[in-house]
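The block underneath contains the structure these notes are about, expressed in structure tokens.
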Amino acid sequence: MKIKSILTGSMLVCTVWSVNAQTDKNLGIIPAPVAVSVQTGSFILDKTVVLVQGDAANAATSDILNAYIAAKGGFALRPVAAVPKGSKAIILSSKGAAELPEEGYKIVVGKGQIEITGKGAGLFYGVQTLMQMIPEKTGQELIIPAARIEDYPRFKYRGMMLDVARHAFPVSFIKKYIDLLAQYKMNTFHWHLTDDQGWRIEIKKYPKLTGIGSSRNGTIVGHHPGVANDGIVYKHFYTQDEIKDVVAYAARKFINVIPEIELPGHSSAAIAAYPQLSAFPDRDTFIDANTPWAGSRKGKQVQQTWGVFDDVYVPTDATFKFLEDVLDEVITLFPSRYIHIGGDESPKTYWKESAFCQQLIKEKGLKDEHELQSYFIQRIEKHVNSKGRSIIGWDEILEGGLAPNATVMSWRGLQGGIAAAKQHHDVIMTPSSDGLYFDHAQSASADEPTNIGGLNPYTRVYAYNPIPAELTADEQKYILGVQANLWTEYVKTPEKVEYMILPKLFALSETAWTQQDKKDLQNFAEERLPYHLARLDLTGTNFWVPTPIGQPLQAVEGEVIDMPLKVPVKGAKIYFTLDGTRPNALAAPYITGLKVKVPAGKSLVFKTIVITPQGKSSVVTETKLTNQVK
């Protein structure tokens, strides 16, 4: 009897998810489409349905859909070239797709068939939308609401960055990360492969980059400056075969992979491997500026702590030859139009103290070290352009003069992006000040794990508009899109990566894809997000569990106080305490309509915790309830 009750409860939860998705104005879809029209009736997806893939070019996308249906429903669809008379069908079609906006698609769900129209990425995104519309299984059927959907993206660049220089992750997880991006219509994976704390990409011409540069002798414990150093050798890099595998995998999901090779700063790992690359002033006494790898300097090592360090590449012909060789191998591995060259937080101290650098500034007629950096970036850009590619750099590349064809990634607020757009340079908006650094805390709770600091809830990500108000209509066209970044100083495991990016990734996808006038935070947070998190909970993927919807964060005054809360994850439960203890699954369960009576002249602390069906917990949230004597 007990087992039967549990199963019945589970089925009820699944039914609730389906009803919520079908009655929501956006049909539960993230990111919200341009236009959704709910029709009368539904399509019954069962094993009698056939699958028409249309063009051979649609085969991979067709296979993805069929594999999803098999996992969801327990049956695969029979592929056919045309719909047999009287059969129900899902039809993938590119006919008429040329009339759609780039990456756009249409879906028509009727009683007898579902037709998805699109080409390439557009068809793939249409399939992702249909997959989100497929509910949990009821009996032997999957019931999909009849609807018409027309959709296309707001921005053509929709990116997420993952830093693997501080902490690296298995190829299997890199692919999972790519899957998450693709499922929510992101199209760019920015792979931050090198930094002071590690060089993570195999370069065959310079084996010491991974032989030495991929290894550090310890990692700080705790938030910078740390409480200790663990003393454990940390070493990892990706072989060229692994990188080719990831790039090919991403291409099948219409994800463009952009590599980042940091220069001229953030390069301690490379300099540890080849000290002659350093602008450290005493190098001038033992190396001829144009002779590669003559001499050596001891004491260099990959950085064990976090932060910005003074070591920087010296701008000699030998250094540029090294970097050109490295970039040539990188370009061979990555077909992306863009190569990210960093350019951020590059210290000028060693350049100021180096006799060689000061002489070069005079010879080139440069004003100062900022113009020397511009010279450095422009020389690298010319080489990258000669290979048919373009560079992206962080907004510091504006200092001293912007390279002619560079795209600017604006991270230090909005001003870098505004300045670049006004100069008619392409811009990707990724300001840390507007919620797009996902290594920041997701709440103010002491329960949050160690992080870089700052407060960045998913609601802040959702609220961001990548088009600065300061730009004219003509200048706005240079804003290619938006990106969020996850730096990994305090992120050691795949599980913590998931915790830090979810559900913020869902909010980012809507910021990047959905038209500004179609965004609706209440609909997103209360109708669609709980549905998606419930599905995510079933997969074993980790995520930050939102706090109860409707719980005040400020003190509330009254004798009898209503607490109209909603669960942020479908099927989850809210537990609370009023006696000062920390709530858990043994505390009082929240019941709709709860009213708290506060004694006269007293205060109570209403503490809550959300626990999902799979046992994930939110942080504890507190609301002070007071009844002042008058």
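Identifiers for the structure tokens are assigned positionally: chains receive A, B, ... in sequence, residues are indexed from 1 per chain, and ligands are indexed from 1 in the order shown.
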
Which residues are close to Ser42 in chain A, i.e. within 7 Å by only C-alpha atoms, leaving aside same-chain residues fewer than 2 positions away? Reply as a VMD selection string.
chain A and resid 40 44 110 to 111 143 to 146

Would you save the residues from that selection as a compact mmCIF listing (two decimals), in the first residue's frame, using N, CA and C atoms?
```
# COMPACT_ATOMS: atom_id res chain seq x y z
N THR A 40 -6.44 24.20 -30.46
CA THR A 40 -7.30 23.21 -29.82
C THR A 40 -6.81 21.80 -30.13
N ILE A 44 -0.89 12.93 -30.20
CA ILE A 44 -0.55 11.79 -29.36
C ILE A 44 0.68 11.11 -29.94
N GLY A 110 -0.32 19.59 -35.03
CA GLY A 110 -1.73 19.31 -35.24
C GLY A 110 -2.08 17.94 -34.71
N LYS A 111 -3.31 17.53 -34.93
CA LYS A 111 -3.75 16.24 -34.41
C LYS A 111 -3.06 15.08 -35.11
N ILE A 143 1.71 13.20 -24.74
CA ILE A 143 0.68 14.10 -25.27
C ILE A 143 1.25 15.50 -25.44
N ILE A 144 1.28 15.97 -26.69
CA ILE A 144 1.87 17.28 -27.02
C ILE A 144 0.75 18.22 -27.43
N PRO A 145 0.66 19.40 -26.82
CA PRO A 145 -0.43 20.33 -27.15
C PRO A 145 -0.33 20.86 -28.57
N ALA A 146 -1.45 20.98 -29.24
CA ALA A 146 -1.49 21.58 -30.57
C ALA A 146 -1.08 23.05 -30.48
```

Spatial neighbours of Asp474 in chain A, 12 Å, only C-alpha atoms, chain gap at least 3 places, as a list in words
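Once the nearby chain positions are removed, what remains is Ala421, Lys422, Gln423, His424, His425, Ile467, Glu470, Leu471, Lys477, Tyr478 and Ile479 of chain A.
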
Serialized selection, N, CA, C and O atoms, as a PDB file, in the first residue's frame:
```pdb
ATOM      1  N   ALA A 421      31.753  50.085 -30.188  1.00  0.00           N
ATOM      2  CA  ALA A 421      30.641  50.211 -31.139  1.00  0.00           C
ATOM      3  C   ALA A 421      30.649  51.590 -31.800  1.00  0.00           C
ATOM      4  O   ALA A 421      30.351  51.712 -32.998  1.00  0.00           O
ATOM      5  N   LYS A 422      30.993  52.613 -31.034  1.00  0.00           N
ATOM      6  CA  LYS A 422      31.047  53.960 -31.600  1.00  0.00           C
ATOM      7  C   LYS A 422      32.184  54.087 -32.621  1.00  0.00           C
ATOM      8  O   LYS A 422      32.143  54.944 -33.500  1.00  0.00           O
ATOM      9  N   GLN A 423      33.205  53.215 -32.481  1.00  0.00           N
ATOM     10  CA  GLN A 423      34.289  53.176 -33.470  1.00  0.00           C
ATOM     11  C   GLN A 423      33.975  52.194 -34.601  1.00  0.00           C
ATOM     12  O   GLN A 423      34.821  51.897 -35.433  1.00  0.00           O
ATOM     13  N   HIS A 424      32.756  51.652 -34.590  1.00  0.00           N
ATOM     14  CA  HIS A 424      32.281  50.706 -35.606  1.00  0.00           C
ATOM     15  C   HIS A 424      33.056  49.392 -35.586  1.00  0.00           C
ATOM     16  O   HIS A 424      33.359  48.817 -36.638  1.00  0.00           O
ATOM     17  N   HIS A 425      33.347  48.927 -34.363  1.00  0.00           N
ATOM     18  CA  HIS A 425      33.924  47.602 -34.161  1.00  0.00           C
ATOM     19  C   HIS A 425      32.848  46.690 -33.578  1.00  0.00           C
ATOM     20  O   HIS A 425      32.021  47.121 -32.767  1.00  0.00           O
ATOM     21  N   ILE A 467      21.927  45.693 -25.222  1.00  0.00           N
ATOM     22  CA  ILE A 467      22.035  46.888 -26.056  1.00  0.00           C
ATOM     23  C   ILE A 467      22.106  48.125 -25.161  1.00  0.00           C
ATOM     24  O   ILE A 467      21.115  48.510 -24.537  1.00  0.00           O
ATOM     25  N   GLU A 470      23.046  54.131 -24.659  1.00  0.00           N
ATOM     26  CA  GLU A 470      23.848  55.249 -25.180  1.00  0.00           C
ATOM     27  C   GLU A 470      24.101  55.152 -26.682  1.00  0.00           C
ATOM     28  O   GLU A 470      24.551  56.126 -27.303  1.00  0.00           O
ATOM     29  N   LEU A 471      23.833  54.004 -27.286  1.00  0.00           N
ATOM     30  CA  LEU A 471      24.152  53.813 -28.699  1.00  0.00           C
ATOM     31  C   LEU A 471      23.002  54.233 -29.599  1.00  0.00           C
ATOM     32  O   LEU A 471      21.830  54.032 -29.273  1.00  0.00           O
ATOM     33  N   LYS A 477      23.931  48.042 -34.177  1.00  0.00           N
ATOM     34  CA  LYS A 477      24.124  46.862 -35.031  1.00  0.00           C
ATOM     35  C   LYS A 477      25.492  46.213 -34.820  1.00  0.00           C
ATOM     36  O   LYS A 477      25.706  45.073 -35.244  1.00  0.00           O
ATOM     37  N   TYR A 478      26.393  46.926 -34.145  1.00  0.00           N
ATOM     38  CA  TYR A 478      27.717  46.352 -33.872  1.00  0.00           C
ATOM     39  C   TYR A 478      27.722  45.472 -32.618  1.00  0.00           C
ATOM     40  O   TYR A 478      28.734  44.827 -32.328  1.00  0.00           O
ATOM     41  N   ILE A 479      26.621  45.440 -31.898  1.00  0.00           N
ATOM     42  CA  ILE A 479      26.514  44.528 -30.753  1.00  0.00           C
ATOM     43  C   ILE A 479      26.115  43.162 -31.286  1.00  0.00           C
ATOM     44  O   ILE A 479      24.952  42.901 -31.614  1.00  0.00           O
TER      45      ILE A 479
END
```

Please provide as a PyMOL selection string all residues within 10 Å of range 77-86 of chain A, with the sequence filter that same-chain residues fewer than 3 positions apart are discarded (counting only C-alpha atoms).
chain A and resi 45-55+62-63+65-67+69-70+89-91+112-113

Spatial neighbours of Glu489 in chain A, max dist 7 Å, only C-alpha atoms, sep filter under 3 positions, as a list of chain:residue names
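Neighbouring residues, sequence-local ones excluded: A:Arg166, A:His167, A:Trp306.
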
For the residues in the current selection, export all heavy atoms as a compact mmCIF listing (two decimals), in the first residue's frame.
```txt
# COMPACT_ATOMS: atom_id res chain seq x y z
N ARG A 166 42.55 27.32 -14.57
CA ARG A 166 42.68 27.17 -13.12
C ARG A 166 42.33 25.75 -12.69
O ARG A 166 43.06 25.12 -11.96
CB ARG A 166 41.76 28.17 -12.39
CG ARG A 166 42.34 29.55 -12.24
CD ARG A 166 42.17 30.37 -13.49
NE ARG A 166 42.63 31.74 -13.31
CZ ARG A 166 42.47 32.67 -14.23
NH1 ARG A 166 41.86 32.39 -15.37
NH2 ARG A 166 42.92 33.89 -14.03
N HIS A 167 41.17 25.27 -13.15
CA HIS A 167 40.79 23.88 -12.93
C HIS A 167 40.24 23.33 -14.23
O HIS A 167 39.40 23.97 -14.88
CB HIS A 167 39.73 23.76 -11.82
CG HIS A 167 40.28 24.03 -10.46
ND1 HIS A 167 40.03 25.22 -9.78
CD2 HIS A 167 41.06 23.30 -9.64
CE1 HIS A 167 40.66 25.19 -8.59
NE2 HIS A 167 41.29 24.04 -8.50
N TRP A 306 45.94 32.72 -6.99
CA TRP A 306 45.09 33.41 -7.97
C TRP A 306 45.45 34.88 -8.03
O TRP A 306 46.02 35.44 -7.12
CB TRP A 306 43.62 33.26 -7.60
CG TRP A 306 43.21 31.89 -7.14
CD1 TRP A 306 42.56 31.59 -5.98
CD2 TRP A 306 43.39 30.65 -7.82
NE1 TRP A 306 42.33 30.23 -5.91
CE2 TRP A 306 42.83 29.63 -7.02
CE3 TRP A 306 43.98 30.28 -9.04
CZ2 TRP A 306 42.84 28.28 -7.39
CZ3 TRP A 306 43.99 28.95 -9.40
CH2 TRP A 306 43.42 27.97 -8.60
```

Cut-off 9 Å: closest range 341-436 of chain A/range 248-267 of chain A atom pairs per residue, using only C-alpha atoms, as a Markdown table:
```
| residue | atom | partner | partner_atom | distance |
| --- | --- | --- | --- | --- |
| A:Ile341 | CA | A:Ile261 | CA | 5.1 |
| A:Gly342 | CA | A:Glu262 | CA | 4.6 |
| A:Gly343 | CA | A:Leu263 | CA | 5.5 |
| A:Asp344 | CA | A:Gly265 | CA | 7.1 |
| A:Glu345 | CA | A:Gly265 | CA | 6.7 |
| A:Ser346 | CA | A:Gly265 | CA | 4.3 |
| A:Pro347 | CA | A:Gly265 | CA | 6.6 |
| A:Gln373 | CA | A:Pro264 | CA | 7.6 |
| A:Phe376 | CA | A:Pro264 | CA | 7.5 |
| A:Ile377 | CA | A:Pro264 | CA | 8.0 |
| A:Ile392 | CA | A:Glu260 | CA | 8.8 |
```

Can I get the selection written as a short mmCIF file (atom, residue, chain, number, x, y, z; two decimals), in the first residue's frame, with N, CA, C and O atoms?
```cif
data_model
loop_
_atom_site.label_atom_id
_atom_site.label_comp_id
_atom_site.auth_asym_id
_atom_site.auth_seq_id
_atom_site.Cartn_x
_atom_site.Cartn_y
_atom_site.Cartn_z
N ILE A 341 42.39 36.23 -28.14
CA ILE A 341 43.80 36.42 -27.74
C ILE A 341 43.93 37.09 -26.37
O ILE A 341 45.03 37.49 -25.98
N GLY A 342 42.84 37.19 -25.63
CA GLY A 342 42.91 37.75 -24.28
C GLY A 342 43.13 39.25 -24.32
O GLY A 342 42.24 40.02 -24.64
N GLY A 343 44.35 39.66 -23.94
CA GLY A 343 44.68 41.08 -23.93
C GLY A 343 44.29 41.81 -22.67
O GLY A 343 44.49 43.02 -22.56
N ASP A 344 43.76 41.09 -21.68
CA ASP A 344 43.27 41.75 -20.47
C ASP A 344 44.31 41.75 -19.36
O ASP A 344 45.19 40.90 -19.33
N GLU A 345 44.17 42.69 -18.46
CA GLU A 345 44.94 42.75 -17.22
C GLU A 345 46.43 42.48 -17.45
O GLU A 345 47.08 41.77 -16.70
N SER A 346 46.97 43.09 -18.50
CA SER A 346 48.38 42.87 -18.81
C SER A 346 49.23 43.91 -18.08
O SER A 346 49.17 45.10 -18.40
N PRO A 347 50.04 43.48 -17.11
CA PRO A 347 50.82 44.44 -16.32
C PRO A 347 51.87 45.15 -17.18
O PRO A 347 52.38 44.59 -18.15
N GLN A 373 51.37 47.83 -25.93
CA GLN A 373 50.42 46.72 -25.95
C GLN A 373 49.61 46.71 -27.24
O GLN A 373 49.36 45.67 -27.83
N PHE A 376 51.66 45.28 -29.87
CA PHE A 376 51.73 43.83 -29.68
C PHE A 376 50.48 43.15 -30.25
O PHE A 376 50.57 42.20 -31.04
N ILE A 377 49.30 43.66 -29.87
CA ILE A 377 48.04 43.08 -30.31
C ILE A 377 47.89 43.20 -31.83
O ILE A 377 47.47 42.26 -32.51
N ILE A 392 39.36 38.19 -31.23
CA ILE A 392 38.54 38.79 -30.18
C ILE A 392 39.48 39.07 -29.02
O ILE A 392 40.37 38.27 -28.72
#
```

Selection: 10 Å around Thr626 in chain A, only C-alpha atoms, excl. self and same-chain fewer than 4 positions, as a ChimeraX atom specification
/A:555-561,597-605

Please dump the current selection as a tab-separated table (two decimals), in the first residue's frame; keep C-alpha atoms.
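Dumped everything to out-v9.tsv:
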```
chain	number	residue	atom	x	y	z
A	555	ALA	CA	11.38	42.15	7.79
A	556	VAL	CA	7.59	41.88	7.86
A	557	GLU	CA	5.41	43.54	10.52
A	558	GLY	CA	2.09	42.21	11.77
A	559	GLU	CA	0.20	40.11	14.30
A	560	VAL	CA	-0.92	37.45	11.83
A	561	ILE	CA	1.30	37.27	8.76
A	597	LYS	CA	0.89	34.43	14.50
A	598	VAL	CA	3.51	36.63	16.15
A	599	PRO	CA	3.16	37.34	19.90
A	600	ALA	CA	2.77	40.99	20.87
A	601	GLY	CA	6.10	42.75	21.30
A	602	LYS	CA	7.99	39.77	19.97
A	603	SER	CA	9.91	38.75	16.84
A	604	LEU	CA	10.19	35.41	15.09
A	605	VAL	CA	12.59	34.28	12.39
```

Which is closest to Ala165 in chain A among A:Asp151, A:Asp196, A:Asp325, A:Asp562, if we use only C-alpha atoms?
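Comparing A:Asp151, A:Asp196, A:Asp325, A:Asp562 against Ala165 in chain A, the winner is A:Asp196.
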
Residue nearest Tyr490 in chain A - candidates A:Tyr238, A:Pro275, A:Pro404, A:Gly222, atoms counted: only C-alpha atoms:
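With only C-alpha atoms as the atom set, the closest residue is A:Gly222.
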
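Nearest residue to Ser354 in chain A, choosing from A:Ala279, A:Ile391, A:Ala318, A:Val384 and counting only C-alpha atoms: A:Ala279.
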
I'd like the neighbourhood of range 537-545 of chain A as a list in words, where a residue qualifies if any of its atoms comes within 8 Å (using only C-alpha atoms), though same-chain residues fewer than 6 positions away should be ignored.
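So, after excluding close chain neighbours, the residues are Gln442, Glu495, Lys496, Glu498, Tyr499, Met500, Ile501, Leu502, Pro503, Pro568, Val569, Val610, Thr612, Pro613, Gln614, Lys616, Ser617, Ser618 and Val619 of chain A.
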
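Straight-line separation from CA of Pro468 in chain A to CA of His190 in chain A: 22.9 Å.
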